[in-house]
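The file work-v6.cif contains mmCIF, C-alpha atoms:
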data_start
loop_
_atom_site.group_PDB
_atom_site.id
_atom_site.type_symbol
_atom_site.label_atom_id
_atom_site.label_comp_id
_atom_site.auth_asym_id
_atom_site.auth_seq_id
_atom_site.Cartn_x
_atom_site.Cartn_y
_atom_site.Cartn_z
ATOM 1 C CA MET Q 1 22.473 11.843 27.581
ATOM 2 C CA LEU Q 2 24.977 11.146 24.819
ATOM 3 C CA PHE Q 3 24.813 7.911 22.797
ATOM 4 C CA SER Q 4 27.367 6.399 20.431
ATOM 5 C CA VAL Q 5 25.769 5.104 17.262
ATOM 6 C CA GLN Q 6 26.953 2.761 14.537
ATOM 7 C CA VAL Q 7 24.879 2.290 11.403
ATOM 8 C CA GLU Q 8 25.858 -0.508 9.020
ATOM 9 C CA VAL Q 9 24.407 0.072 5.554
ATOM 10 C CA ARG Q 10 24.395 -2.726 2.982
ATOM 11 C CA LEU Q 11 22.685 -3.543 -0.273
ATOM 12 C CA ARG Q 12 19.567 -5.689 0.013
ATOM 13 C CA GLU Q 13 19.714 -9.304 -1.082
ATOM 14 C CA GLY Q 14 19.185 -9.585 -4.820
ATOM 15 C CA ILE Q 15 20.634 -6.141 -5.561
ATOM 16 C CA ALA Q 16 23.761 -6.322 -7.738
ATOM 17 C CA ASP Q 17 26.972 -5.377 -5.928
ATOM 18 C CA PRO Q 18 29.538 -4.597 -8.667
ATOM 19 C CA GLN Q 19 32.136 -3.402 -6.149
ATOM 20 C CA GLY Q 20 31.853 -6.646 -4.182
ATOM 21 C CA ALA Q 21 32.037 -8.685 -7.411
ATOM 22 C CA THR Q 22 35.204 -6.855 -8.486
ATOM 23 C CA ILE Q 23 36.849 -7.555 -5.134
ATOM 24 C CA GLU Q 24 35.809 -11.214 -5.244
ATOM 25 C CA ARG Q 25 37.215 -11.666 -8.772
ATOM 26 C CA SER Q 26 40.524 -10.075 -7.747
ATOM 27 C CA LEU Q 27 41.165 -12.135 -4.610
ATOM 28 C CA PRO Q 28 42.407 -15.366 -6.285
ATOM 29 C CA GLN Q 29 45.056 -13.362 -8.152
ATOM 30 C CA LEU Q 30 46.311 -12.191 -4.760
ATOM 31 C CA GLY Q 31 46.425 -15.712 -3.359
ATOM 32 C CA PHE Q 32 43.114 -15.607 -1.481
ATOM 33 C CA ASP Q 33 41.315 -18.645 -2.861
ATOM 34 C CA GLY Q 34 37.972 -19.793 -1.520
ATOM 35 C CA VAL Q 35 36.551 -16.369 -0.620
ATOM 36 C CA GLN Q 36 32.930 -16.124 -1.739
ATOM 37 C CA GLY Q 37 29.917 -13.870 -1.397
ATOM 38 C CA VAL Q 38 31.788 -10.576 -1.062
ATOM 39 C CA ARG Q 39 29.403 -7.676 -0.409
ATOM 40 C CA VAL Q 40 30.482 -4.079 0.165
ATOM 41 C CA GLY Q 41 28.691 -1.736 2.538
ATOM 42 C CA LYS Q 42 29.473 1.233 4.722
ATOM 43 C CA LEU Q 43 29.725 1.868 8.445
ATOM 44 C CA ILE Q 44 28.663 5.280 9.741
ATOM 45 C CA ARG Q 45 29.606 6.281 13.302
ATOM 46 C CA PHE Q 46 28.381 9.326 15.207
ATOM 47 C CA ASP Q 47 27.093 10.508 18.582
ATOM 48 C CA VAL Q 48 23.566 11.685 19.266
ATOM 49 C CA GLU Q 49 22.064 13.490 22.253
ATOM 50 C CA ALA Q 50 18.767 12.020 23.500
ATOM 51 C CA VAL Q 51 16.818 11.581 26.730
ATOM 52 C CA ASP Q 52 17.196 7.777 26.657
ATOM 53 C CA GLU Q 53 18.263 4.895 24.422
ATOM 54 C CA ALA Q 54 14.782 4.406 22.971
ATOM 55 C CA ALA Q 55 14.626 8.061 21.890
ATOM 56 C CA ALA Q 56 18.132 7.850 20.411
ATOM 57 C CA ARG Q 57 17.222 4.689 18.474
ATOM 58 C CA ALA Q 58 14.000 6.290 17.179
ATOM 59 C CA GLU Q 59 15.886 9.368 15.968
ATOM 60 C CA VAL Q 60 18.567 7.276 14.250
ATOM 61 C CA THR Q 61 15.928 5.062 12.620
ATOM 62 C CA ASP Q 62 14.272 8.173 11.189
ATOM 63 C CA LEU Q 63 17.662 9.544 10.090
ATOM 64 C CA CYS Q 64 18.384 6.274 8.244
ATOM 65 C CA ALA Q 65 15.018 6.246 6.508
ATOM 66 C CA ARG Q 66 15.197 9.892 5.454
ATOM 67 C CA PHE Q 67 18.895 10.444 4.722
ATOM 68 C CA LEU Q 68 21.530 7.775 5.397
ATOM 69 C CA THR Q 69 20.077 4.947 3.311
ATOM 70 C CA ASN Q 70 18.143 4.385 0.138
ATOM 71 C CA PRO Q 71 15.380 2.145 1.532
ATOM 72 C CA VAL Q 72 14.572 0.831 -1.950
ATOM 73 C CA ILE Q 73 17.954 -0.925 -2.326
ATOM 74 C CA GLU Q 74 19.640 -0.768 1.099
ATOM 75 C CA ASP Q 75 19.119 -2.198 4.570
ATOM 76 C CA SER Q 76 20.624 -0.829 7.753
ATOM 77 C CA GLU Q 77 21.527 -2.231 11.128
ATOM 78 C CA ILE Q 78 21.673 0.197 14.036
ATOM 79 C CA ALA Q 79 23.711 -0.173 17.232
ATOM 80 C CA VAL Q 80 23.172 2.375 20.017
ATOM 81 C CA ARG Q 81 25.012 2.506 23.345
ATOM 82 C CA ALA Q 82 25.630 5.076 26.023
ATOM 83 C CA ALA Q 83 28.756 7.063 25.192
ATOM 84 C CA ALA Q 84 31.642 6.820 27.632
ATOM 85 C CA GLY Q 85 31.266 9.525 30.268
ATOM 86 C CA SER Q 86 27.809 10.497 29.028
ATOM 87 C CA GLU Q 87 26.218 10.453 32.507
ATOM 88 C CA ARG Q 88 26.239 14.039 33.730
#

Show me the file's structure as structure tokens.
Amino acid sequence: MLFSVQVEVRLREGIADPQGATIERSLPQLGFDGVQGVRVGKLIRFDVEAVDEAAARAEVTDLCARFLTNPVIEDSEIAVRAAAGSER
């Protein structure tokens, strides 16, 4: 079965986010006052073949730990759902 996956990767709390800070400092100059706490992350989307959702989630969790994230400074949030038309 095919599953659509989204992995949101973000810096852990307490880790400096210079890109987010730069964006936050620039916003008032563009007329966006009152925006606070800007943090920058990344969203990774892909499909994975697995026997069921639990197996897909386990594989993606391993993939995050071993390749997609730096577990020392980053956290990830995983969303897994059956891909459209994946029932064969």

Original post:
Hey, can you check how far CA of Arg57 in chain Q sits from CA of Ala79 in chain Q?
Top reply: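 That distance, rounded to one decimal, is 8.2 Å.
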
Subject >> Surrounding residues of Gly34 in chain Q excluding itself and chain neighbours under 5 positions, 12 Å, all atoms listed in the file, as a PyMOL selection string >> reply: chain Q and resi 24-29

Write out the residues from the selection above, keeping C-alpha atoms, as a tab-separated table (two decimals), in the frame of the given file.
chain	number	residue	atom	x	y	z
Q	24	GLU	CA	35.81	-11.21	-5.24
Q	25	ARG	CA	37.22	-11.67	-8.77
Q	26	SER	CA	40.52	-10.07	-7.75
Q	27	LEU	CA	41.16	-12.14	-4.61
Q	28	PRO	CA	42.41	-15.37	-6.28
Q	29	GLN	CA	45.06	-13.36	-8.15

Original post:
What's the 8 Å shell around Ala56 in chain Q, counting only C-alpha atoms, without same-chain residues fewer than 5 positions away, as an NGL selection string?
Top reply: :Q and (3 or 48-51 or 80)

For the residues selected in the previous step, produce a file with C-alpha atoms as a PDB file, in the coordinates of the input.
ATOM      1  CA  PHE Q   3      24.813   7.911  22.797  1.00  0.00           C
ATOM      2  CA  VAL Q  48      23.566  11.685  19.266  1.00  0.00           C
ATOM      3  CA  GLU Q  49      22.064  13.490  22.253  1.00  0.00           C
ATOM      4  CA  ALA Q  50      18.767  12.020  23.500  1.00  0.00           C
ATOM      5  CA  VAL Q  51      16.818  11.581  26.730  1.00  0.00           C
ATOM      6  CA  VAL Q  80      23.172   2.375  20.017  1.00  0.00           C
TER       7      VAL Q  80
END

Subject >> Distance of CA of Gly41 in chain Q from CA of Leu11 in chain Q, expressed in Å to one decimal place >> reply: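 Distance between the two atoms: 6.9 Å.
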
Assuming 4 Å of padding per side, give the centre and edge lengths of the axis-aligned box around every listed atom of range 69-79 of chain Q, in Å to one decimal and as lines of an AutoDock Vina configuration file.
center_x = 19.1
center_y = 1.4
center_z = 7.5
size_x = 17.1
size_y = 15.2
size_z = 27.6

**OP:** Please write as a list of chain:residue names the full residue list that the PyMOL selection byres ((chain Q and resi 76) around 12) yields on this file.
**Re:** Q:Gln6, Q:Val7, Q:Glu8, Q:Val9, Q:Arg10, Q:Leu11, Q:Arg12, Q:Gly41, Q:Lys42, Q:Leu43, Q:Ile44, Q:Val60, Q:Thr61, Q:Asp62, Q:Leu63, Q:Cys64, Q:Ala65, Q:Phe67, Q:Leu68, Q:Thr69, Q:Asn70, Q:Pro71, Q:Val72, Q:Ile73, Q:Glu74, Q:Asp75, Q:Glu77, Q:Ile78, Q:Ala79

For the residues selected in the previous step, produce a file with C-alpha atoms as a PDB file, in the coordinates of the input.
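As written to disk, selection_9.pdb reads:
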ATOM      1  CA  GLN Q   6      26.953   2.761  14.537  1.00  0.00           C
ATOM      2  CA  VAL Q   7      24.879   2.290  11.403  1.00  0.00           C
ATOM      3  CA  GLU Q   8      25.858  -0.508   9.020  1.00  0.00           C
ATOM      4  CA  VAL Q   9      24.407   0.072   5.554  1.00  0.00           C
ATOM      5  CA  ARG Q  10      24.395  -2.726   2.982  1.00  0.00           C
ATOM      6  CA  LEU Q  11      22.685  -3.543  -0.273  1.00  0.00           C
ATOM      7  CA  ARG Q  12      19.567  -5.689   0.013  1.00  0.00           C
ATOM      8  CA  GLY Q  41      28.691  -1.736   2.538  1.00  0.00           C
ATOM      9  CA  LYS Q  42      29.473   1.233   4.722  1.00  0.00           C
ATOM     10  CA  LEU Q  43      29.725   1.868   8.445  1.00  0.00           C
ATOM     11  CA  ILE Q  44      28.663   5.280   9.741  1.00  0.00           C
ATOM     12  CA  VAL Q  60      18.567   7.276  14.250  1.00  0.00           C
ATOM     13  CA  THR Q  61      15.928   5.062  12.620  1.00  0.00           C
ATOM     14  CA  ASP Q  62      14.272   8.173  11.189  1.00  0.00           C
ATOM     15  CA  LEU Q  63      17.662   9.544  10.090  1.00  0.00           C
ATOM     16  CA  CYS Q  64      18.384   6.274   8.244  1.00  0.00           C
ATOM     17  CA  ALA Q  65      15.018   6.246   6.508  1.00  0.00           C
ATOM     18  CA  PHE Q  67      18.895  10.444   4.722  1.00  0.00           C
ATOM     19  CA  LEU Q  68      21.530   7.775   5.397  1.00  0.00           C
ATOM     20  CA  THR Q  69      20.077   4.947   3.311  1.00  0.00           C
ATOM     21  CA  ASN Q  70      18.143   4.385   0.138  1.00  0.00           C
ATOM     22  CA  PRO Q  71      15.380   2.145   1.532  1.00  0.00           C
ATOM     23  CA  VAL Q  72      14.572   0.831  -1.950  1.00  0.00           C
ATOM     24  CA  ILE Q  73      17.954  -0.925  -2.326  1.00  0.00           C
ATOM     25  CA  GLU Q  74      19.640  -0.768   1.099  1.00  0.00           C
ATOM     26  CA  ASP Q  75      19.119  -2.198   4.570  1.00  0.00           C
ATOM     27  CA  GLU Q  77      21.527  -2.231  11.128  1.00  0.00           C
ATOM     28  CA  ILE Q  78      21.673   0.197  14.036  1.00  0.00           C
ATOM     29  CA  ALA Q  79      23.711  -0.173  17.232  1.00  0.00           C
TER      30      ALA Q  79
END

Original post:
What does the distance from CA of Gln19 in chain Q to CA of Asp33 in chain Q come to in Å, to one decimal?
Top reply: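 It comes out at 18.1 Å.
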
Original post:
From the list Q:Asp47, Q:Ile23, Q:Gly37, Q:Ala55, which residue is nearest Ala84 in chain Q when using all atoms listed in the file?
Top reply: Q:Asp47

**OP:** Write out as a PyMOL selection string each polymer residue whose atoms come within 10 Å of Pro18 in chain Q, counting all atoms listed in the file; drop sequence neighbours fewer than 6 positions from it.
**Re:** chain Q and resi 24+38-40

**OP:** Skip Arg81 in chain Q itself and residues of its chain fewer than 6 positions away, then list as a ChimeraX atom specification all residues within 9 Å of it, counting all atoms listed in the file.
**Re:** /Q:2-5,53

For those residues, write C-alpha atoms to a file as a PDB file, in the frame of the given file.
ATOM      1  CA  LEU Q   2      24.977  11.146  24.819  1.00  0.00           C
ATOM      2  CA  PHE Q   3      24.813   7.911  22.797  1.00  0.00           C
ATOM      3  CA  SER Q   4      27.367   6.399  20.431  1.00  0.00           C
ATOM      4  CA  VAL Q   5      25.769   5.104  17.262  1.00  0.00           C
ATOM      5  CA  GLU Q  53      18.263   4.895  24.422  1.00  0.00           C
TER       6      GLU Q  53
END
